[in-house]
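Visitor: Starting off with a structure, shown below.
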Amino acid sequence: MITRTVLVMIVGALLALPLSASSARAEINIFACTPEWGALASEIGGKHVDVYVATKATQDPHHIRAKPSLLAKMRSADLVFCNGASLEEGWLPVLLRKAGSAAVQPNKVGYFMAADQVDLLDTRAHTDRSQGHIHPEGNPHLHLDYGRVLTVAESLSSRLSEIDPEHEEHYSIRLQKFSQMWQEKGKRWSQVGHNLKDRNYVVTHSQWLYLQEWLPIHFVADLEPKPGLPPTAQHLQSILDTIVKGDITGIIVGPFDDRQGAEWLSEKSGLPIIDLPFTVGGSDDAQSLSALFDVTISRLLEAE
Amino acid sequence: MSMKHELMAACAALSFVVSSSAFAGENNDLEALRAEIQAMRMAYEIQINKLEDRIEELEGARDVTPTSVRSSKSSAQSSNSFNPALSAVLSGSYSAYSEDESELAGFAIGEEGERGAENFSLGETEITLSANVDDKFYGSTTVALVEEGGETVVELEEAYIETLGLGYGLNLKAGRFFQTIGYMNEHHAHADDFVDRPLPYRAFLNKSYNDDGVELSWLLPTDFYAEIGGGVFSGRDFPSGSPNDSAIGALTGYGRIGGDFTDNLNWRLGASVLSTDTDGRDGNEDTVSFVGDSHLYIADLRANWAPTGNAVHQEISIQSEYFYRDEDGTYEDTDAGSGVVNYDDHQSGWYLQSLYKFAPQWKIGARYSTLYTSDVPTGLVGTALDAEGHDPETWSLVGEWRNGEFGRLRAQYNREELSSGVEDNQVKLQYIMSIGAHGAHKF
């Protein structure tokens, strides 16, 4: 096994050298840190981009190790499209340094962070880790905001044109199409969203914050006593006490959340657990950005 | 909106006052108060939200079609944002041993390779500063404050620069740093899965090898991960020998491949070599010295498996390294009065460890490590290098609990038999906390 792998490595290295030197690259290699930005990159880039998505919906993008396969992909990336706002701070900087690629370093044209394109919620002037695992730049989970996604798409299109000016028209047409589709969808989402008015939810972690930006819903409690710290029995109990008093629709849980706390609370309070996909691929029916929003809204509506 | 914020702020302020004033009082009261405040806060929020919605309704239909949000980030930077990332690692331990002495039969080891201090000990306090120097270089330095024999010693663990984006997958690193050999060597000890390092690291590398020099690495342009590299170093650190000998150097070389077997299972396999030509490497508290060529070959494997697809909740890791040291030169044991004796032989060792994270905050693990040495030449019989046929070995068990990402506590049990018939039962308790900048999740 070992000798075979070593052989494969040597042969692969020898083959790859002339190949990489001779091939006039037809596509822009995009290294996307998370599924939602991978999906957006495909939407805007179309046939002129080759998108590699570094994480799956079941993985918490904060806790990723700079594993070998990521390093290999980072090396060949022309554009690194990540979330930013310290979401990937544990692994992205290591990959960037080790990959030895000049074009994708911070402040270079190949370095594109979604969080740098928009304003964030929950920015803090003073931070202390006793507040939990917080991001001083603000809440990074911006992709669940309808409006911010559109802004990121617009910036991405111009960035792609900058890297690959030859296909500028292609990217702006793709953006136009996406933006048209998004706005049409948006009208429907907001119409249907009206029915969610007054609904209050308990969430597992502050990753849902941006839904509140454009849907008339409210998150009234967080299972984590502090961001990034697991729920304690006492904290759960205090939430349970309030549920009895207030009217709350359900407990929102995402694909990589720890379900234990939510299940306990659901059992004690009788509140339903609402599984939301959180990102593209987070549920079987959320395979694109618009499907992600469709599924999110319909699941919120289902749970009354 | 402002009313809601004010109320929330008031609640927060109230909870702060309550929590700080009740701090000395009964814990139960405090919990009860907290729960009550939380309940009040939520009940208020719900009411306020309702009122807000009513107001909006009265004011006319709320337009939930959102507008696009542009970043208004100003390009102005405060001088503070140019400060390097600063972090400190605080660790302390308590160790108890059943045996008074610990001698590693058959090996002359450096000071760091010895059994850790007994009783309470601070271990290493590390302070790291790092930042991009400009668009071409990255710089980092780590200073460790180490307690040695009742004194606090300052050790410059790392001080290096590294290129950013040299292109073609090339990376150049210069200065003092933990060389890329084996799996564990380039990791700081506080990132380890066990309180102490396995026997091969203690015997062959004096815990870790950090020398001064230059290292070049090349990430191959392959679809899977493959990297080769090597370096030239001063030879100041064990196993190279005496720091005051400027003529002697050390060479390293390595090759690594890795990838994903499945989405949830990643691995890396490596081979490396460290070659030195030393004219005086002292071990066993300066009683044994070696002069000559020393070549250390290491094979390493690490694999991580997340059974549920999310490594935060559950993860199993396996890690193993094999060491083979070939030496040609002379040994002298002044304690045993051996005189200078010719030596041309090899020693070896390996360890295997596995860690199981069964819940987000909990990890347990086991490790076995052992060393082998061949029969010594007649001149060295009865010296520290004569293991009398015994192969040192250690069994270890560890349990770890962490709160969030930055603090962890662990307990470890070792059963060590480093020389024939001496069974040392060890218990180690340790805390490791990091403050400041977020550390890297290295592979």
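Chain labels A, B, ... are given in the sequence in which chains occur in the structure tokens; within each chain residues are numbered consecutively from 1, and ligands are likewise numbered from 1 in the order shown.
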Give me the residues near range 150-160 of chain A as number ranges by chain, where near means some atom within 8 Å (using only C-alpha atoms) and where sequence neighbours in that chain fewer than 4 positions away do not count.
Guide: A: 40-41, 44-45, 109, 112, 114, 117-118, 146, 164-165, 168, 171-172, 175, 179, 182; B: 68-70
Visitor: Would you mind exporting N, CA and C atoms of the selected residues as a PDB file, in the first residue's frame?
Guide:
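Result file out.pdb:
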ATOM      1  N   LEU A  40     -22.368  30.141  -4.850  1.00  0.00           N
ATOM      2  CA  LEU A  40     -22.446  31.468  -5.474  1.00  0.00           C
ATOM      3  C   LEU A  40     -21.375  31.606  -6.560  1.00  0.00           C
ATOM      4  N   ALA A  41     -20.186  31.064  -6.283  1.00  0.00           N
ATOM      5  CA  ALA A  41     -19.105  31.130  -7.268  1.00  0.00           C
ATOM      6  C   ALA A  41     -19.515  30.433  -8.561  1.00  0.00           C
ATOM      7  N   ILE A  44     -22.145  32.614 -10.509  1.00  0.00           N
ATOM      8  CA  ILE A  44     -21.612  33.793 -11.200  1.00  0.00           C
ATOM      9  C   ILE A  44     -20.545  33.405 -12.228  1.00  0.00           C
ATOM     10  N   GLY A  45     -19.742  32.403 -11.893  1.00  0.00           N
ATOM     11  CA  GLY A  45     -18.632  32.040 -12.768  1.00  0.00           C
ATOM     12  C   GLY A  45     -19.046  31.180 -13.949  1.00  0.00           C
ATOM     13  N   VAL A 109      -5.555  40.289  -5.637  1.00  0.00           N
ATOM     14  CA  VAL A 109      -6.788  40.165  -6.413  1.00  0.00           C
ATOM     15  C   VAL A 109      -7.457  38.793  -6.236  1.00  0.00           C
ATOM     16  N   PHE A 112     -10.667  36.956  -1.828  1.00  0.00           N
ATOM     17  CA  PHE A 112     -11.984  37.582  -1.820  1.00  0.00           C
ATOM     18  C   PHE A 112     -12.797  37.067  -0.632  1.00  0.00           C
ATOM     19  N   ALA A 114     -16.201  37.365   1.600  1.00  0.00           N
ATOM     20  CA  ALA A 114     -17.570  37.867   1.551  1.00  0.00           C
ATOM     21  C   ALA A 114     -17.800  38.962   2.596  1.00  0.00           C
ATOM     22  N   GLN A 117     -17.176  42.618   1.851  1.00  0.00           N
ATOM     23  CA  GLN A 117     -17.991  43.311   0.851  1.00  0.00           C
ATOM     24  C   GLN A 117     -19.210  43.990   1.478  1.00  0.00           C
ATOM     25  N   VAL A 118     -19.517  43.642   2.704  1.00  0.00           N
ATOM     26  CA  VAL A 118     -20.741  44.152   3.331  1.00  0.00           C
ATOM     27  C   VAL A 118     -20.467  44.608   4.764  1.00  0.00           C
ATOM     28  N   TYR A 146     -30.679  37.887   2.719  1.00  0.00           N
ATOM     29  CA  TYR A 146     -31.046  38.040   1.314  1.00  0.00           C
ATOM     30  C   TYR A 146     -30.233  39.157   0.641  1.00  0.00           C
ATOM     31  N   ASP A 164     -10.071  37.706 -14.829  1.00  0.00           N
ATOM     32  CA  ASP A 164     -10.229  37.096 -16.146  1.00  0.00           C
ATOM     33  C   ASP A 164     -10.979  38.072 -17.061  1.00  0.00           C
ATOM     34  N   PRO A 165     -10.306  39.182 -17.444  1.00  0.00           N
ATOM     35  CA  PRO A 165     -10.996  40.255 -18.185  1.00  0.00           C
ATOM     36  C   PRO A 165     -11.573  39.785 -19.520  1.00  0.00           C
ATOM     37  N   GLU A 168     -15.278  39.062 -19.211  1.00  0.00           N
ATOM     38  CA  GLU A 168     -16.007  40.039 -18.398  1.00  0.00           C
ATOM     39  C   GLU A 168     -17.513  40.004 -18.700  1.00  0.00           C
ATOM     40  N   TYR A 171     -19.341  37.129 -17.118  1.00  0.00           N
ATOM     41  CA  TYR A 171     -19.605  37.274 -15.679  1.00  0.00           C
ATOM     42  C   TYR A 171     -20.702  38.284 -15.411  1.00  0.00           C
ATOM     43  N   SER A 172     -20.758  39.346 -16.210  1.00  0.00           N
ATOM     44  CA  SER A 172     -21.796  40.342 -15.910  1.00  0.00           C
ATOM     45  C   SER A 172     -23.170  39.831 -16.356  1.00  0.00           C
ATOM     46  N   LEU A 175     -24.217  37.509 -13.651  1.00  0.00           N
ATOM     47  CA  LEU A 175     -24.656  38.271 -12.477  1.00  0.00           C
ATOM     48  C   LEU A 175     -26.077  38.800 -12.692  1.00  0.00           C
ATOM     49  N   SER A 179     -29.086  37.967 -10.373  1.00  0.00           N
ATOM     50  CA  SER A 179     -29.703  39.056  -9.626  1.00  0.00           C
ATOM     51  C   SER A 179     -31.205  39.151  -9.943  1.00  0.00           C
ATOM     52  N   TRP A 182     -32.822  36.275  -8.235  1.00  0.00           N
ATOM     53  CA  TRP A 182     -32.796  36.509  -6.788  1.00  0.00           C
ATOM     54  C   TRP A 182     -33.878  37.494  -6.375  1.00  0.00           C
TER      55      TRP A 182
ATOM     56  N   SER B  68     -30.052  45.970  -0.990  1.00  0.00           N
ATOM     57  CA  SER B  68     -28.710  45.421  -0.929  1.00  0.00           C
ATOM     58  C   SER B  68     -27.852  46.251   0.029  1.00  0.00           C
ATOM     59  N   VAL B  69     -27.014  45.577   0.757  1.00  0.00           N
ATOM     60  CA  VAL B  69     -26.227  46.248   1.787  1.00  0.00           C
ATOM     61  C   VAL B  69     -24.770  46.348   1.348  1.00  0.00           C
ATOM     62  N   ARG B  70     -24.340  47.531   1.141  1.00  0.00           N
ATOM     63  CA  ARG B  70     -22.951  47.771   0.741  1.00  0.00           C
ATOM     64  C   ARG B  70     -22.065  47.919   1.967  1.00  0.00           C
TER      65      ARG B  70
END
Visitor: Might you pull out every residue within 8 Å of Leu142 in chain A, with only C-alpha atoms counted and same-chain residues fewer than 4 positions away left off, and present them as a PyMOL selection string?
Guide: chain A and resi 115+120+148-149+210
Visitor: Write a file of the selected residues as a compact mmCIF listing (two decimals), in the first residue's frame, keeping N, CA and C atoms.
Guide:
# COMPACT_ATOMS: atom_id res chain seq x y z
N ALA A 115 -17.25 38.75 3.78
CA ALA A 115 -17.50 39.70 4.87
C ALA A 115 -16.89 41.07 4.61
N LEU A 120 -21.30 44.22 8.71
CA LEU A 120 -21.72 43.09 9.52
C LEU A 120 -22.56 43.56 10.69
N ARG A 148 -27.47 40.87 1.58
CA ARG A 148 -26.01 40.78 1.58
C ARG A 148 -25.51 39.79 0.53
N VAL A 149 -26.27 38.73 0.31
CA VAL A 149 -25.86 37.75 -0.70
C VAL A 149 -25.78 38.44 -2.07
N TYR A 210 -28.69 36.68 10.86
CA TYR A 210 -29.02 37.49 9.67
C TYR A 210 -30.40 37.20 9.09
Visitor: Fewer than 4 positions away in the same chain doesn't count, so skip those; otherwise give me all residues within 8 Å of range 196-206 of chain A, counting only C-alpha atoms, as a compact mmCIF listing (two decimals) with N, CA, C and O atoms, in the first residue's frame.
Guide:
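Contents of the output file out_24.txt:
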# COMPACT_ATOMS: atom_id res chain seq x y z
N ASN A 139 -20.75 39.52 13.58
CA ASN A 139 -21.25 38.17 13.33
C ASN A 139 -20.95 37.78 11.88
O ASN A 139 -21.40 38.44 10.95
N VAL A 192 -44.34 35.62 1.37
CA VAL A 192 -44.61 34.47 2.23
C VAL A 192 -44.09 34.74 3.63
O VAL A 192 -44.70 34.34 4.62
N LEU A 215 -36.43 38.79 7.56
CA LEU A 215 -37.69 38.10 7.85
C LEU A 215 -38.23 38.67 9.16
O LEU A 215 -37.44 38.97 10.05
N PRO A 216 -39.55 38.79 9.27
CA PRO A 216 -40.10 39.43 10.48
C PRO A 216 -40.14 38.48 11.68
O PRO A 216 -41.15 38.36 12.34
N ILE A 217 -39.04 37.78 11.88
CA ILE A 217 -38.99 36.83 12.99
C ILE A 217 -38.03 37.31 14.06
O ILE A 217 -37.26 38.25 13.83
N HIS A 218 -38.07 36.67 15.20
CA HIS A 218 -37.22 37.12 16.31
C HIS A 218 -36.59 35.92 16.99
O HIS A 218 -37.23 34.91 17.20
N PHE A 219 -35.31 36.07 17.28
CA PHE A 219 -34.63 35.03 18.05
C PHE A 219 -34.53 35.53 19.49
O PHE A 219 -33.90 36.55 19.75
N VAL A 220 -35.16 34.80 20.38
CA VAL A 220 -35.25 35.33 21.74
C VAL A 220 -34.31 34.64 22.72
O VAL A 220 -34.09 35.13 23.81
N ALA A 221 -33.76 33.50 22.35
CA ALA A 221 -32.81 32.87 23.27
C ALA A 221 -31.84 31.99 22.49
O ALA A 221 -32.14 31.51 21.40
N ASP A 222 -30.67 31.83 23.06
CA ASP A 222 -29.59 31.08 22.45
C ASP A 222 -29.22 29.94 23.40
O ASP A 222 -29.03 30.17 24.59
N LEU A 223 -29.18 28.72 22.87
CA LEU A 223 -28.86 27.59 23.74
C LEU A 223 -27.46 27.67 24.31
O LEU A 223 -27.17 27.15 25.38
N GLU A 224 -26.56 28.31 23.56
CA GLU A 224 -25.21 28.50 24.09
C GLU A 224 -25.23 29.69 25.04
O GLU A 224 -25.67 30.77 24.65
N PRO A 227 -21.34 32.48 22.91
CA PRO A 227 -21.02 31.87 21.61
C PRO A 227 -19.85 30.89 21.72
O PRO A 227 -18.82 31.22 22.31
N GLY A 228 -20.02 29.70 21.17
CA GLY A 228 -18.93 28.73 21.15
C GLY A 228 -18.81 27.90 22.41
O GLY A 228 -18.04 26.95 22.44
N ASP A 247 -44.51 33.04 24.21
CA ASP A 247 -44.93 32.18 23.11
C ASP A 247 -43.82 32.08 22.07
O ASP A 247 -43.40 33.05 21.47
N ILE A 248 -43.33 30.87 21.95
CA ILE A 248 -42.20 30.60 21.09
C ILE A 248 -42.60 29.49 20.13
O ILE A 248 -43.26 28.53 20.51
N THR A 249 -42.18 29.65 18.86
CA THR A 249 -42.62 28.71 17.85
C THR A 249 -41.81 27.43 17.83
O THR A 249 -42.35 26.35 17.63
N GLY A 250 -40.51 27.54 18.00
CA GLY A 250 -39.71 26.32 17.93
C GLY A 250 -38.23 26.58 18.19
O GLY A 250 -37.81 27.71 18.45
N ILE A 251 -37.49 25.49 18.12
CA ILE A 251 -36.04 25.56 18.35
C ILE A 251 -35.35 25.29 17.02
O ILE A 251 -35.53 24.22 16.42
N ILE A 252 -34.58 26.24 16.57
CA ILE A 252 -33.92 26.10 15.27
C ILE A 252 -32.57 25.40 15.43
O ILE A 252 -31.74 25.80 16.24
N VAL A 253 -32.38 24.33 14.67
CA VAL A 253 -31.13 23.58 14.74
C VAL A 253 -30.56 23.42 13.33
O VAL A 253 -31.30 23.16 12.38
N GLY A 254 -29.25 23.60 13.21
CA GLY A 254 -28.58 23.47 11.91
C GLY A 254 -27.84 22.15 11.79
O GLY A 254 -27.74 21.40 12.76
N ASP A 257 -24.90 21.59 14.30
CA ASP A 257 -25.11 21.90 15.72
C ASP A 257 -25.19 20.63 16.55
O ASP A 257 -25.60 19.59 16.07
N ALA A 262 -30.81 20.94 22.38
CA ALA A 262 -32.08 21.24 21.71
C ALA A 262 -33.09 20.14 21.97
O ALA A 262 -34.28 20.41 22.21
N LEU A 300 -39.70 27.03 8.13
CA LEU A 300 -40.14 27.94 9.20
C LEU A 300 -41.66 28.04 9.19
O LEU A 300 -42.30 28.10 10.24
N LEU A 301 -42.23 28.08 7.98
CA LEU A 301 -43.69 28.20 7.88
C LEU A 301 -44.39 26.93 8.36
O LEU A 301 -45.44 26.99 8.99
N ILE B 46 -40.18 39.46 23.93
CA ILE B 46 -41.33 39.00 23.17
C ILE B 46 -42.40 40.08 23.12
O ILE B 46 -42.94 40.40 22.07
N ASN B 49 -41.22 42.95 20.92
CA ASN B 49 -41.30 42.59 19.51
C ASN B 49 -42.73 42.72 18.99
O ASN B 49 -42.95 43.21 17.89
N LYS B 50 -43.65 42.28 19.81
CA LYS B 50 -45.05 42.37 19.41
C LYS B 50 -45.45 43.83 19.22
O LYS B 50 -46.08 44.20 18.22
N ASP B 53 -44.00 45.30 16.12
CA ASP B 53 -44.72 44.87 14.93
C ASP B 53 -46.05 45.60 14.78
O ASP B 53 -46.47 45.95 13.68
Visitor: When you look at range 278-290 of chain A with a cut-off of 9 Å (counting only C-alpha atoms), what residues show up, excluding the ones that are within fewer than 2 positions of it in the same chain? I need them as a compact mmCIF listing (two decimals) with N, CA, C and O atoms, in the first residue's frame.
Guide:
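Output file selection09.txt follows:
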# COMPACT_ATOMS: atom_id res chain seq x y z
N THR A 34 -16.63 27.60 2.05
CA THR A 34 -17.89 27.04 2.55
C THR A 34 -18.84 26.76 1.39
O THR A 34 -18.73 27.38 0.33
N PRO A 35 -19.80 25.84 1.59
CA PRO A 35 -20.69 25.44 0.49
C PRO A 35 -21.49 26.60 -0.11
O PRO A 35 -21.69 26.65 -1.32
N GLU A 36 -21.94 27.55 0.73
CA GLU A 36 -22.77 28.62 0.18
C GLU A 36 -21.98 29.50 -0.78
O GLU A 36 -22.48 29.90 -1.82
N TRP A 37 -20.74 29.77 -0.43
CA TRP A 37 -19.94 30.62 -1.33
C TRP A 37 -19.47 29.83 -2.54
O TRP A 37 -19.29 30.38 -3.62
N GLY A 38 -19.30 28.53 -2.37
CA GLY A 38 -19.00 27.68 -3.52
C GLY A 38 -20.15 27.74 -4.53
O GLY A 38 -19.94 27.86 -5.74
N ALA A 39 -21.37 27.68 -3.99
CA ALA A 39 -22.55 27.73 -4.86
C ALA A 39 -22.65 29.07 -5.57
O ALA A 39 -22.95 29.13 -6.77
N LEU A 40 -22.37 30.14 -4.85
CA LEU A 40 -22.45 31.47 -5.47
C LEU A 40 -21.38 31.61 -6.56
O LEU A 40 -21.62 32.17 -7.63
N GLU A 43 -22.62 30.00 -9.59
CA GLU A 43 -23.70 30.79 -10.20
C GLU A 43 -23.12 31.92 -11.06
O GLU A 43 -23.57 32.16 -12.17
N LYS A 56 -17.96 20.74 4.08
CA LYS A 56 -19.31 20.23 3.83
C LYS A 56 -20.29 20.90 4.79
O LYS A 56 -19.89 21.48 5.79
N ALA A 57 -21.56 20.75 4.47
CA ALA A 57 -22.58 21.39 5.31
C ALA A 57 -22.58 20.84 6.74
O ALA A 57 -22.97 21.53 7.67
N THR A 58 -22.11 19.62 6.90
CA THR A 58 -22.13 19.04 8.25
C THR A 58 -20.94 19.49 9.09
O THR A 58 -20.86 19.16 10.26
N HIS A 143 -24.40 34.96 5.14
CA HIS A 143 -24.97 34.43 3.91
C HIS A 143 -26.47 34.13 4.01
O HIS A 143 -27.10 33.84 3.01
N LEU A 144 -27.03 34.21 5.21
CA LEU A 144 -28.47 33.99 5.32
C LEU A 144 -29.26 35.28 5.16
O LEU A 144 -30.47 35.30 5.30
N MET A 181 -33.12 36.62 -10.97
CA MET A 181 -33.74 35.46 -10.32
C MET A 181 -33.88 35.73 -8.83
O MET A 181 -34.93 35.50 -8.23
N TRP A 182 -32.82 36.28 -8.24
CA TRP A 182 -32.80 36.51 -6.79
C TRP A 182 -33.88 37.49 -6.37
O TRP A 182 -34.56 37.31 -5.37
N LYS A 185 -37.32 35.91 -6.71
CA LYS A 185 -37.47 35.02 -5.56
C LYS A 185 -37.71 35.85 -4.30
O LYS A 185 -38.54 35.52 -3.46
N GLN A 207 -25.54 31.77 14.71
CA GLN A 207 -25.33 31.72 13.26
C GLN A 207 -26.57 32.07 12.44
O GLN A 207 -26.50 32.15 11.22
N TRP A 208 -27.73 32.25 13.09
CA TRP A 208 -28.96 32.53 12.36
C TRP A 208 -29.32 34.00 12.34
O TRP A 208 -30.31 34.40 11.75
N VAL A 253 -32.38 24.33 14.67
CA VAL A 253 -31.13 23.58 14.74
C VAL A 253 -30.56 23.42 13.33
O VAL A 253 -31.30 23.16 12.38
N GLY A 254 -29.25 23.60 13.21
CA GLY A 254 -28.58 23.47 11.91
C GLY A 254 -27.84 22.15 11.79
O GLY A 254 -27.74 21.40 12.76
N PRO A 255 -27.30 21.87 10.60
CA PRO A 255 -26.71 20.55 10.36
C PRO A 255 -25.48 20.23 11.21
O PRO A 255 -25.21 19.07 11.45
N PHE A 256 -24.71 21.22 11.64
CA PHE A 256 -23.53 20.87 12.44
C PHE A 256 -23.69 21.22 13.91
O PHE A 256 -22.74 21.15 14.67
N ASP A 275 -35.43 21.81 11.85
CA ASP A 275 -34.14 21.60 11.21
C ASP A 275 -34.03 22.48 9.98
O ASP A 275 -34.78 22.31 9.02
N LEU A 276 -33.10 23.40 10.03
CA LEU A 276 -32.88 24.25 8.86
C LEU A 276 -31.55 23.85 8.21
O LEU A 276 -30.62 23.44 8.90
N LEU A 292 -31.81 26.87 -0.90
CA LEU A 292 -31.52 27.03 0.53
C LEU A 292 -32.51 27.99 1.18
O LEU A 292 -33.07 27.72 2.25
N PHE A 293 -32.77 29.12 0.49
CA PHE A 293 -33.70 30.10 1.05
C PHE A 293 -35.14 29.58 0.99
O PHE A 293 -35.91 29.78 1.92
N ASP A 294 -35.48 28.91 -0.12
CA ASP A 294 -36.82 28.30 -0.23
C ASP A 294 -37.09 27.36 0.93
O ASP A 294 -38.12 27.46 1.61
N VAL A 295 -36.14 26.44 1.13
CA VAL A 295 -36.32 25.42 2.16
C VAL A 295 -36.38 26.07 3.55
O VAL A 295 -37.21 25.70 4.38
N THR A 296 -35.52 27.04 3.76
CA THR A 296 -35.49 27.71 5.07
C THR A 296 -36.86 28.31 5.39
O THR A 296 -37.42 28.09 6.46
Visitor: From the options B:Val381, B:Ala336, B:Val133, B:Leu172, which residue's atoms come nearest to chain A, counting only C-alpha atoms?
Guide: B:Leu172
Visitor: Output as JSON, numbers by chain all residues of range 90-224 of chain A that backbone DSSP marks as strand (DSSP E).
Guide: {"A": [111, 112, 113, 200, 201, 202, 203, 218, 219, 220, 221, 222]}
Visitor: Please indicate the distance in Å from CA of Ser294 in chain B to CA of Asp277 in chain B, rounded to one decimal place.
Guide: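 According to the coordinates, CA of Ser294 in chain B and CA of Asp277 in chain B are separated by 6.2 Å.
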Visitor: Considering only C-alpha atoms, state which residue in the set A:Ser86, A:Ser269, A:Asp119, A:Leu79 is at the smallest distance from Gly246 in chain A.
Guide: A:Ser269
Visitor: For a quick check of understanding, using only C-alpha atoms, which of A:Gly261, A:Arg174, A:Gln105, A:Ser190 has the smallest distance to Ser42 in chain A?
Guide: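 Once distances to Ser42 in chain A are computed over only C-alpha atoms, the minimum belongs to A:Arg174.
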Visitor: Of the residues A:Ile297, A:Ile243, A:Leu229, A:Ile274, which is the one nearest to chain B, using only C-alpha atoms?
Guide: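 Going through A:Ile297, A:Ile243, A:Leu229, A:Ile274 one by one, the smallest distance to chain B is for A:Leu229.
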Visitor: What lies within 8 Å of range 263-274 of chain B using only C-alpha atoms, ignoring chain neighbours under 2 positions off, as an NGL selection string?
Guide: (:A and (67-69)) or (:B and (181-183 or 250-261 or 276 or 295-310))
Visitor: Using only C-alpha atoms, please write the residues we just selected to a file, as a PDB file, in the first residue's frame.
Guide:
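Contents of result.pdb, freshly written:
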ATOM      1  CA  LYS A  67      -5.526  19.102   6.188  1.00  0.00           C
ATOM      2  CA  PRO A  68      -3.287  17.961   3.303  1.00  0.00           C
ATOM      3  CA  SER A  69      -6.001  17.844   0.632  1.00  0.00           C
TER       4      SER A  69
ATOM      5  CA  ILE B 181      10.838  16.342  10.438  1.00  0.00           C
ATOM      6  CA  GLY B 182       8.514  13.649  11.692  1.00  0.00           C
ATOM      7  CA  TYR B 183       4.985  14.570  12.676  1.00  0.00           C
ATOM      8  CA  ALA B 250      22.944  19.692  10.228  1.00  0.00           C
ATOM      9  CA  LEU B 251      20.932  18.741   7.168  1.00  0.00           C
ATOM     10  CA  THR B 252      17.308  17.759   6.920  1.00  0.00           C
ATOM     11  CA  GLY B 253      15.161  16.403   4.149  1.00  0.00           C
ATOM     12  CA  TYR B 254      11.562  15.268   3.984  1.00  0.00           C
ATOM     13  CA  GLY B 255       8.813  14.067   1.709  1.00  0.00           C
ATOM     14  CA  ARG B 256       5.102  13.913   2.480  1.00  0.00           C
ATOM     15  CA  ILE B 257       1.945  12.819   0.808  1.00  0.00           C
ATOM     16  CA  GLY B 258      -1.600  12.978   2.028  1.00  0.00           C
ATOM     17  CA  GLY B 259      -5.224  13.368   1.187  1.00  0.00           C
ATOM     18  CA  ASP B 260      -8.736  12.241   1.968  1.00  0.00           C
ATOM     19  CA  PHE B 261      -9.774   8.613   1.847  1.00  0.00           C
ATOM     20  CA  THR B 276      24.544  15.718  11.700  1.00  0.00           C
ATOM     21  CA  HIS B 295      21.754  10.032  10.974  1.00  0.00           C
ATOM     22  CA  LEU B 296      18.161   9.911  12.117  1.00  0.00           C
ATOM     23  CA  TYR B 297      15.468   8.519   9.807  1.00  0.00           C
ATOM     24  CA  ILE B 298      11.798   9.013  10.664  1.00  0.00           C
ATOM     25  CA  ALA B 299       8.596   7.682   9.148  1.00  0.00           C
ATOM     26  CA  ASP B 300       5.350   9.235  10.334  1.00  0.00           C
ATOM     27  CA  LEU B 301       1.642   8.731   9.846  1.00  0.00           C
ATOM     28  CA  ARG B 302      -1.358  10.653  11.051  1.00  0.00           C
ATOM     29  CA  ALA B 303      -4.994  10.016  10.223  1.00  0.00           C
ATOM     30  CA  ASN B 304      -8.169  11.664  11.484  1.00  0.00           C
ATOM     31  CA  TRP B 305     -11.623  10.218  11.149  1.00  0.00           C
ATOM     32  CA  ALA B 306     -14.831  12.040  11.964  1.00  0.00           C
ATOM     33  CA  PRO B 307     -17.466   9.273  12.246  1.00  0.00           C
ATOM     34  CA  THR B 308     -20.389  11.689  12.050  1.00  0.00           C
ATOM     35  CA  GLY B 309     -18.832  13.949   9.446  1.00  0.00           C
ATOM     36  CA  ASN B 310     -18.371  16.719  11.976  1.00  0.00           C
TER      37      ASN B 310
END
Visitor: Using DSSP on the backbone coordinates, identify all residues within range 30-250 of chain A classified as helix (DSSP H, G or I); present the result as a PyMOL selection string.
Guide: chain A and resi 35-48+68-75+92-99+102-104+114-116+129-131+142-144+146-163+165-196+206-208+211-214+233-245
Visitor: Under the rule that only C-alpha atoms are counted, which of B:Ala108, B:Val341, B:Val195, B:Ala311 is the nearest residue to chain A?
Guide: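 For chain A, the nearest of the candidates is B:Ala311.
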Visitor: Excluding same-chain residues fewer than 2 positions from range 98-105 of chain B, what lies within 7 Å of it counting only C-alpha atoms, as a list in words?
Guide: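 Counting only the stated atoms, we get Ala96, Phe107, Arg115, Ala384, Leu385, Asp386, Ala387, Pro392, Leu418, Ser419, Asp424, Asn425 and Gln426 of chain B.
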Visitor: Can you write out the residues you just picked, keeping C-alpha atoms, as a CSV table (one decimal), in the first residue's frame?
Guide:
chain,number,residue,atom,x,y,z
B,96,ALA,CA,3.6,12.3,40.9
B,107,PHE,CA,20.5,6.0,25.7
B,115,ARG,CA,11.3,12.8,33.0
B,384,ALA,CA,24.8,4.3,30.6
B,385,LEU,CA,24.6,3.0,27.0
B,386,ASP,CA,24.4,-0.6,28.1
B,387,ALA,CA,20.7,-1.5,28.3
B,392,PRO,CA,12.5,0.8,27.5
B,418,LEU,CA,12.8,2.6,31.2
B,419,SER,CA,15.4,0.3,32.8
B,424,ASP,CA,7.6,3.8,37.4
B,425,ASN,CA,3.9,4.6,37.8
B,426,GLN,CA,3.2,8.2,37.0
